[in-house]
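The file final11.csv comes next; it holds CSV, C-alpha atoms.
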chain,number,residue,atom,x,y,z
D,1,MET,CA,78.1,1.7,18.0
D,2,SER,CA,81.0,3.2,19.9
D,3,GLU,CA,83.2,6.2,19.0
D,4,TYR,CA,86.2,3.8,19.3
D,5,ASP,CA,84.9,1.3,16.8
D,6,HIS,CA,87.1,2.8,14.1
D,7,GLU,CA,90.3,1.8,16.1
D,8,PRO,CA,92.2,-0.9,14.2
D,9,THR,CA,93.6,-2.0,17.6
D,10,ARG,CA,92.0,-1.1,20.9
D,11,GLY,CA,93.6,2.1,22.2
D,12,LEU,CA,95.5,3.0,19.0
D,13,PRO,CA,94.5,5.4,16.3
D,14,GLU,CA,96.1,3.4,13.5
D,15,ALA,CA,97.7,0.0,12.8
D,16,LEU,CA,101.2,-0.6,14.2
D,17,PRO,CA,104.1,-0.8,11.8
D,18,GLU,CA,105.6,-4.2,11.2
D,19,ASP,CA,108.5,-3.5,13.5
D,20,GLU,CA,106.4,-2.4,16.4
D,21,HIS,CA,104.4,-4.6,18.8
D,22,ILE,CA,102.3,-4.1,22.0
D,23,ILE,CA,104.0,-5.0,25.2
D,24,TRP,CA,101.2,-4.0,27.7
D,25,GLN,CA,97.8,-2.3,27.7
D,26,GLY,CA,95.9,-1.1,30.8
D,27,LYS,CA,93.7,1.6,32.3
D,28,PRO,CA,93.2,3.3,35.6
D,29,GLU,CA,91.3,1.7,38.4
D,30,TRP,CA,88.5,4.2,38.9
D,31,LYS,CA,88.3,3.9,42.7
D,32,LYS,CA,92.1,4.5,43.1
D,33,LEU,CA,91.8,7.3,40.5
D,34,ALA,CA,89.0,9.0,42.5
D,35,ALA,CA,91.1,8.8,45.7
D,36,THR,CA,94.4,9.9,44.3
D,37,ALA,CA,93.9,12.2,41.3
D,38,LEU,CA,90.4,13.6,42.2
D,39,HIS,CA,91.0,13.7,46.0
D,40,ILE,CA,87.5,12.6,46.8
D,41,ARG,CA,88.3,12.0,50.4
D,42,LEU,CA,89.5,15.5,50.9
D,43,ALA,CA,86.3,16.9,49.3
D,44,VAL,CA,84.2,14.8,51.7
D,45,LEU,CA,86.3,15.9,54.7
D,46,TYR,CA,86.0,19.6,53.6
D,47,PHE,CA,82.2,19.4,53.5
D,48,ALA,CA,82.0,17.4,56.7
D,49,LEU,CA,84.1,20.0,58.6
D,50,ILE,CA,81.9,22.9,57.4
D,51,ALA,CA,78.8,20.8,58.4
D,52,GLY,CA,80.3,20.1,61.8
D,53,VAL,CA,81.1,23.7,62.5
D,54,SER,CA,77.6,24.7,61.4
D,55,LEU,CA,76.0,22.2,63.8
D,56,MET,CA,78.2,23.5,66.6
D,57,ARG,CA,76.7,27.0,65.8
D,58,SER,CA,73.2,25.6,65.7
D,59,ASP,CA,73.0,26.4,62.0
D,60,ALA,CA,71.1,23.3,60.8
D,61,ASN,CA,70.3,24.8,57.4
D,62,THR,CA,74.0,25.3,56.4
D,63,ALA,CA,74.9,21.9,57.7
D,64,ALA,CA,72.1,20.3,55.6
D,65,ALA,CA,73.3,22.3,52.6
D,66,MET,CA,76.8,21.0,53.1
D,67,VAL,CA,75.5,17.4,53.2
D,68,VAL,CA,73.7,18.0,49.9
D,69,PHE,CA,76.8,19.6,48.3
D,70,ALA,CA,78.9,16.7,49.5
D,71,VAL,CA,76.6,14.1,47.9
D,72,VAL,CA,76.5,16.1,44.6
D,73,VAL,CA,80.2,16.7,44.4
D,74,THR,CA,81.1,13.1,45.4
D,75,GLY,CA,78.6,11.8,42.9
D,76,PHE,CA,80.1,13.9,40.1
D,77,LEU,CA,83.7,12.8,41.0
D,78,VAL,CA,82.7,9.2,41.1
D,79,LEU,CA,81.0,9.4,37.7
D,80,PHE,CA,84.0,11.2,36.2
D,81,ALA,CA,86.4,8.7,37.6
D,82,TYR,CA,84.3,5.9,36.2
D,83,GLY,CA,84.2,7.7,32.8
D,84,VAL,CA,87.9,8.0,32.8
D,85,ASP,CA,88.1,4.2,33.5
D,86,ARG,CA,85.8,3.4,30.6
D,87,THR,CA,87.5,5.7,28.0
D,88,THR,CA,91.2,5.5,28.9
D,89,VAL,CA,93.7,3.0,27.4
D,90,TYR,CA,97.4,3.2,28.1
D,91,THR,CA,99.5,1.3,25.6
D,92,LEU,CA,103.2,0.4,25.9
D,93,THR,CA,104.9,-0.8,22.7
D,94,ASN,CA,108.5,-1.4,22.0
D,95,LYS,CA,108.7,2.1,20.5
D,96,ARG,CA,106.4,4.4,22.5
D,97,ILE,CA,103.7,4.9,25.0
D,98,VAL,CA,100.3,5.9,23.7
D,99,LEU,CA,97.7,7.6,26.0
D,100,ARG,CA,94.2,7.3,24.6
D,101,ILE,CA,92.4,9.7,26.9
D,102,GLY,CA,89.4,12.0,27.1
D,103,VAL,CA,86.0,11.5,28.6
D,104,ALA,CA,84.2,14.0,26.4
D,105,LEU,CA,86.8,14.6,23.7
D,106,ASN,CA,88.9,11.7,22.7
D,107,LYS,CA,92.6,12.1,21.9
D,108,CYS,CA,95.7,10.0,21.5
D,109,ILE,CA,99.1,11.2,22.8
D,110,ASN,CA,102.2,9.5,21.5
D,111,ILE,CA,105.3,9.5,23.7
D,112,PRO,CA,108.4,7.9,22.0
D,113,LEU,CA,110.4,5.9,24.5
D,114,SER,CA,113.5,7.7,23.2
D,115,GLU,CA,112.0,11.0,24.5
D,116,ILE,CA,111.6,9.7,28.1
D,117,ASP,CA,114.2,11.1,30.4
D,118,THR,CA,113.0,9.6,33.7
D,119,ALA,CA,110.2,7.4,34.9
D,120,ASN,CA,109.2,7.0,38.5
D,121,LEU,CA,106.8,4.6,40.2
D,122,LYS,CA,104.5,5.7,43.0
D,123,THR,CA,103.0,2.6,44.6
D,124,LEU,CA,99.5,2.4,46.1
D,125,PRO,CA,97.9,-0.2,48.4
D,126,GLY,CA,97.0,-3.4,46.7
D,127,GLY,CA,99.8,-3.5,44.1
D,128,SER,CA,98.4,-0.6,42.0
D,129,GLY,CA,100.3,2.6,41.4
D,130,SER,CA,101.2,5.4,39.1
D,131,ILE,CA,104.2,6.0,36.8
D,132,VAL,CA,105.3,9.6,36.3
D,133,LEU,CA,107.2,10.4,33.1
D,134,THR,CA,109.7,13.2,32.6
D,135,LEU,CA,110.3,14.0,29.0
D,136,LYS,CA,113.3,15.4,27.1
D,137,GLY,CA,112.7,17.7,24.2
D,138,LEU,CA,109.1,17.1,23.2
D,139,PRO,CA,106.9,20.1,22.8
D,140,ARG,CA,105.2,20.9,26.0
D,141,MET,CA,101.8,19.3,26.5
D,142,GLY,CA,99.0,21.3,28.1
D,143,TYR,CA,98.2,20.4,31.6
D,144,LEU,CA,94.5,20.6,31.0
D,145,MET,CA,94.8,18.4,27.9
D,146,LEU,CA,96.5,15.7,30.0
D,147,TRP,CA,94.6,15.9,33.3
D,148,PRO,CA,94.0,13.7,35.2
D,149,HIS,CA,96.8,11.8,33.5
D,150,ALA,CA,99.4,14.3,34.7
D,151,ARG,CA,101.4,14.8,37.9
D,152,SER,CA,99.7,17.2,40.4
D,153,LEU,CA,100.7,20.8,40.3
D,154,ARG,CA,103.2,20.4,37.4
D,155,ILE,CA,101.3,23.0,35.3
D,156,VAL,CA,104.2,24.9,33.6
D,157,ARG,CA,105.9,21.8,32.5
D,158,PRO,CA,103.4,19.0,32.8
D,159,GLN,CA,104.5,15.4,33.4
D,160,PRO,CA,102.3,12.7,31.9
D,161,MET,CA,101.3,9.8,34.1
D,162,LEU,CA,100.0,6.3,33.9
D,163,ARG,CA,97.5,6.8,36.7
D,164,ALA,CA,96.3,4.2,39.2
D,165,ILE,CA,97.2,1.1,37.1
D,166,PRO,CA,97.0,-2.4,38.5
D,167,ASP,CA,100.2,-4.4,39.0
D,168,ALA,CA,102.2,-1.2,38.6
D,169,ALA,CA,105.6,-2.6,39.6
D,170,ARG,CA,105.4,-5.2,36.7
D,171,VAL,CA,104.4,-2.4,34.3
D,172,ALA,CA,107.3,-0.3,35.5
D,173,ARG,CA,109.8,-3.1,34.8
D,174,LEU,CA,108.3,-3.6,31.3
D,175,LEU,CA,108.7,0.1,30.6
D,176,PHE,CA,112.3,0.1,31.9
D,177,ASN,CA,113.3,-2.8,29.8
D,178,ALA,CA,111.6,-1.4,26.7
D,179,ALA,CA,113.2,2.0,27.1
D,180,ARG,CA,116.6,0.4,27.7
D,181,GLU,CA,116.4,-1.2,24.3
D,182,VAL,CA,115.7,2.1,22.7
D,183,GLN,CA,118.2,4.0,24.9
D,184,PRO,CA,121.0,1.5,25.4
D,185,VAL,CA,123.6,4.1,26.3
D,186,ALA,CA,121.5,6.2,28.7
D,187,PRO,CA,118.6,4.2,30.1
D,188,ILE,CA,115.8,5.7,32.1
D,189,ALA,CA,117.3,7.1,35.3
D,190,GLN,CA,115.8,7.8,38.7
D,191,ALA,CA,114.6,11.3,39.1
D,192,PRO,CA,114.5,13.3,42.3
D,193,VAL,CA,111.1,13.8,43.8
D,194,THR,CA,109.8,17.1,45.2
D,195,VAL,CA,107.4,17.8,48.0
D,196,ASP,CA,104.0,17.8,46.3
D,197,GLU,CA,104.0,14.0,45.8
D,198,PRO,CA,104.9,11.2,48.2
D,199,GLU,CA,108.3,9.7,47.4
D,200,LEU,CA,108.4,7.7,44.2
D,201,GLU,CA,110.4,4.5,43.7
D,202,GLY,CA,112.7,4.8,40.6
D,203,LEU,CA,112.4,2.3,37.8
D,204,ALA,CA,116.1,1.7,37.9
D,205,ALA,CA,115.9,0.5,41.5

For this file, write the structure as structure tokens.
Amino acid sequence: MSEYDHEPTRGLPEALPEDEHIIWQGKPEWKKLAATALHIRLAVLYFALIAGVSLMRSDANTAAAMVVFAVVVTGFLVLFAYGVDRTTVYTLTNKRIVLRIGVALNKCINIPLSEIDTANLKTLPGGSGSIVLTLKGLPRMGYLMLWPHARSLRIVRPQPMLRAIPDAARVARLLFNAAREVQPVAPIAQAPVTVDEPELEGLAA
């Protein structure tokens, strides 16, 4: 028996109203998540540099310790990414986005499409990518509550993300079209991107 067996529909805490329907459901690709959100390659590089410097100084014990730390940390990050893959469900309906997230503590976050100010697409190799959401007047969500489904370093005003999803460009179009139906006068606009993330492609493009 799973903790999600009570869900009337996968990824949703309750049955949808009659006027609401699912447009798309998905989840992160754990390998891409590990590389982009958890920065696993940077962690390996960090330990490799320390081990290399230690060997240059003939400090074999420190170098060996760094190798062990690298294996342990990498293993933990891989397991965590896999756990996120197994427990996360992103749902787009004609009314909202629902994030069912949490490896240890499960939670569902509802984001009405009417509250989305901007949405930007960051493409990754192989057609996958992440969609960053900027919200209007919703109460602020805690960064730790959202992570890793939040844009890096946006701690004071966190920006939810659909992280490392397959066929991200198609999902971005679905989101744009659904939001345009809810916000016909002011559809989702392209937001400027700052330096901590590579340039994102706006949904309106």

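We find CA of Ala172 (chain D) and CA of Met141 (chain D) to be spaced 22.3 Å apart.
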
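With distances restricted to all atoms listed in the file, D:Ile131 is the closest residue to Leu162 (chain D) from D:Ile131, D:Leu144, D:Leu174, D:Leu16.
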
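Using all atoms listed in the file, the smallest distance between any of D:Ser54, D:Asn177, D:Ile40, D:Thr88 and Val71 (chain D) comes from D:Ile40.
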
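Closest approach to Lys95 (chain D) among D:Leu38, D:Leu133, D:Leu121, D:Leu113 is made by D:Leu113 (distances from all atoms listed in the file).
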
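Using all atoms listed in the file, the shortest contact distance between Val103 (chain D) and any of D:Thr36, D:Ser58, D:Gln25, D:Thr87 is found at D:Thr87.
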
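Remark: for Gly83 (chain D), the closest of the candidate residues D:Thr9, D:Asn106, D:Gln183, D:Ser130 is D:Asn106 (distances computed over all atoms listed in the file).
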
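The space between CA of Leu79 (chain D) and CA of Val171 (chain D) spans 26.4 Å.
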
- prompt: Which distance in Å separates CA of Glu115 (chain D) and CA of Gly11 (chain D), to one decimal?
  reply: 20.6 Å

- request: Find the spatial neighbours of Trp147 (chain D), counting all atoms listed in the file, within a cut-off of 12 Å - ignore same-chain residues fewer than 5 positions away - and output them as a PyMOL selection string.
  value: chain D and resi 33+37-38+80-81+84+88+99+101-103+141-142+152-155+158-163

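Distance annotation: of D:Ile23, D:Leu175, D:Ala48, D:Val78, the residue with the minimal separation from Ala65 (chain D) is D:Ala48; atom set is all atoms listed in the file.
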
Find the smallest box with edges along x, y and z containing every listed atom of region 7-20 of chain D, then add 4 Å on each side and report centre and edge lengths in Å to one decimal, as AutoDock Vina command-line options.
--center_x 99.4 --center_y 0.6 --center_z 16.7 --size_x 26.2 --size_y 17.6 --size_z 19.0

- request: Neighbourhood query: residues within 12 Å of (73.1, 20.8, 55.4), file coordinates, counting all atoms listed in the file; return as a PyMOL selection string.
  value: chain D and resi 47-55+58-71

Let's have the selection written as a compact mmCIF listing (two decimals), in the frame of the given file, with C-alpha atoms.
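The result, written out as result_8.txt:
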# COMPACT_ATOMS: atom_id res chain seq x y z
CA PHE D 47 82.20 19.40 53.50
CA ALA D 48 82.00 17.40 56.70
CA LEU D 49 84.10 20.00 58.60
CA ILE D 50 81.90 22.90 57.40
CA ALA D 51 78.80 20.80 58.40
CA GLY D 52 80.30 20.10 61.80
CA VAL D 53 81.10 23.70 62.50
CA SER D 54 77.60 24.70 61.40
CA LEU D 55 76.00 22.20 63.80
CA SER D 58 73.20 25.60 65.70
CA ASP D 59 73.00 26.40 62.00
CA ALA D 60 71.10 23.30 60.80
CA ASN D 61 70.30 24.80 57.40
CA THR D 62 74.00 25.30 56.40
CA ALA D 63 74.90 21.90 57.70
CA ALA D 64 72.10 20.30 55.60
CA ALA D 65 73.30 22.30 52.60
CA MET D 66 76.80 21.00 53.10
CA VAL D 67 75.50 17.40 53.20
CA VAL D 68 73.70 18.00 49.90
CA PHE D 69 76.80 19.60 48.30
CA ALA D 70 78.90 16.70 49.50
CA VAL D 71 76.60 14.10 47.90
